[in-house]
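Only one structure is covered here, and it is reproduced in the block below.
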Amino acid sequence: MNKEEKLDTFLAPDADMGKMEDILKTWVTGVNDEKLRVEMAEALAKERGITKSPIKTTYKLRLIRPLLVAAASIVLLIGFFYLYPSDVSPSHLATQYVETQTLQHPGSFKGVSIVNQNRTQGIMAFNNGDFKQAIIHFEEISAPNDEDTYYLGLAHLKVGQYKDAAVKLEQSANNTSRFHEEVNWFLALTYILDGRSADALSYLSKIKKGDWRFDEAQELMLTLNKIN
Amino acid sequence: MQMESKNFGLTEASFGRMVLNLKANDTRFFRQVFLKQFEETVVYVKREYQANQEDAYDATMDALLEFRNRFVEGKLTYGNLRYLFTKMSTQMYLRNIKKRHNQLDDLEKIPQLPKESTADSVPESFKSAWQTLGIKCKELLSQHYYGSMRLTDIAIESSSSPATVRKQKERCIKKLKEIMLETI
């Protein structure tokens, strides 16, 4: 595919997602490579006196900058974790996770064209942290889609209605794989908080390495296994 | 210590950190690591192939970009990176020389070459749309497409959920297309 064909394919209203992904990878790589090329050339000239042209310049050595502050923060966090090993109950941990998890509804997904007043208000309430109000609106939606069910489940979890949360999140897990990583995690938390450790373990074990919340799931499993 | 000298002075752990940074499109550490290596390689290409400064510089820069790409795609592991980098730079040098000769041959055969002939070149409309695109979108798309970072990993890093990141990505692409369509 030449440049023009790629452009036409990318801009087509019914563009094939797979092709678009390949094109975007090429283009995004192109612009970022160019940026890196410029940055590297600047650093080479400034810090090592190396330029593309054969002009000899004086070498100017500089001290390497300190390592990233972020790396230090991570070390501190890890250190803190080991200094104060988790000695809390699974439900305490699960409560912490639910309370500290920032939940945002990203708006309707691709393909949702019918504007529903209850959905709009539900999303607004959800994003304002008013989960009780969000439940009222989401439950009013006459033909809820998979997304409505999933966020309704999360809203129930946030207000402590664990049985309702479990029903909705299970429903979401059965209907779509779109939220499978999130559902595994949130259902596990729901079951811990509802006192159903075996079910919680079953969902935690579905969270594989590389999945969202893998490390936290491992920690919870460890805590659950300790008390069982 | 011997392994470190074969790997740009990096320990295996710091190599891992550099790759993680690259995936997140943070090239600062990578640039620092390659500053010294760059100089050494340019000298090597010039000496071994009697290359001029400009060609040796371009070849080393091309190798550097290819190295970054292979790092994020997990195709290069800790081992003897210094040797590989030198090898790749010489290959890039030979490739560039060959390409230039082919182009000269083509110029003799074809009276007028099209302005753009490489299939992978980035269209101007994309370049200008990219400049206009918001910083968060650029960061997300770069992490995913340039850093080969999975959306799940971006979600973990940004303390959000994969669904949110997926949605953000969809929105960014939509926005990008809109800007491009306006400028065409």
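By convention here, the chains of the structure tokens are called A, B, ... in the order presented, each chain's residues are numbered starting at 1, and ligands are numbered starting at 1 in the order presented.
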
Show which residues sit within 12 Å of A:Ala12, as a count of residues only. Count only C-alpha atoms, and ignore same-chain residues fewer than 5 positions away. 11

Distance limit 6 Å, atoms considered: only C-alpha atoms. Which chain A residues sit that close to chain B? Return them as a PDB file with C-alpha atoms, in the first residue's frame.
ATOM      1  CA  ASN A   2       1.507   3.345  -0.967  1.00  0.00           C
ATOM      2  CA  LYS A   3       1.202   6.561   1.008  1.00  0.00           C
ATOM      3  CA  LYS A  25       1.821   2.272  13.983  1.00  0.00           C
ATOM      4  CA  TRP A  27       2.869   6.970  11.173  1.00  0.00           C
ATOM      5  CA  THR A  29       6.600   5.600  14.714  1.00  0.00           C
ATOM      6  CA  LYS A  52      26.844  15.207  11.387  1.00  0.00           C
ATOM      7  CA  SER A  53      29.202  17.549   9.626  1.00  0.00           C
ATOM      8  CA  PRO A  54      32.897  16.673   9.878  1.00  0.00           C
ATOM      9  CA  PRO A 106     -15.673   6.928  29.719  1.00  0.00           C
ATOM     10  CA  TRP A 212      -4.812  -5.553  35.022  1.00  0.00           C
TER      11      TRP A 212
END

Would you kindly return, as a list in words, each protein, DNA or RNA residue with an atom no farther than 7 Å from any atom of stretch 135-151 of chain A, considering only C-alpha atoms and excluding same-chain residues fewer than 4 positions away?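 Answer for this query is Asn118, Arg119, Gln121, Gly122, Phe131, Ala155, Lys168, Leu169, Ser172, Asn175 and Thr176 of chain A.
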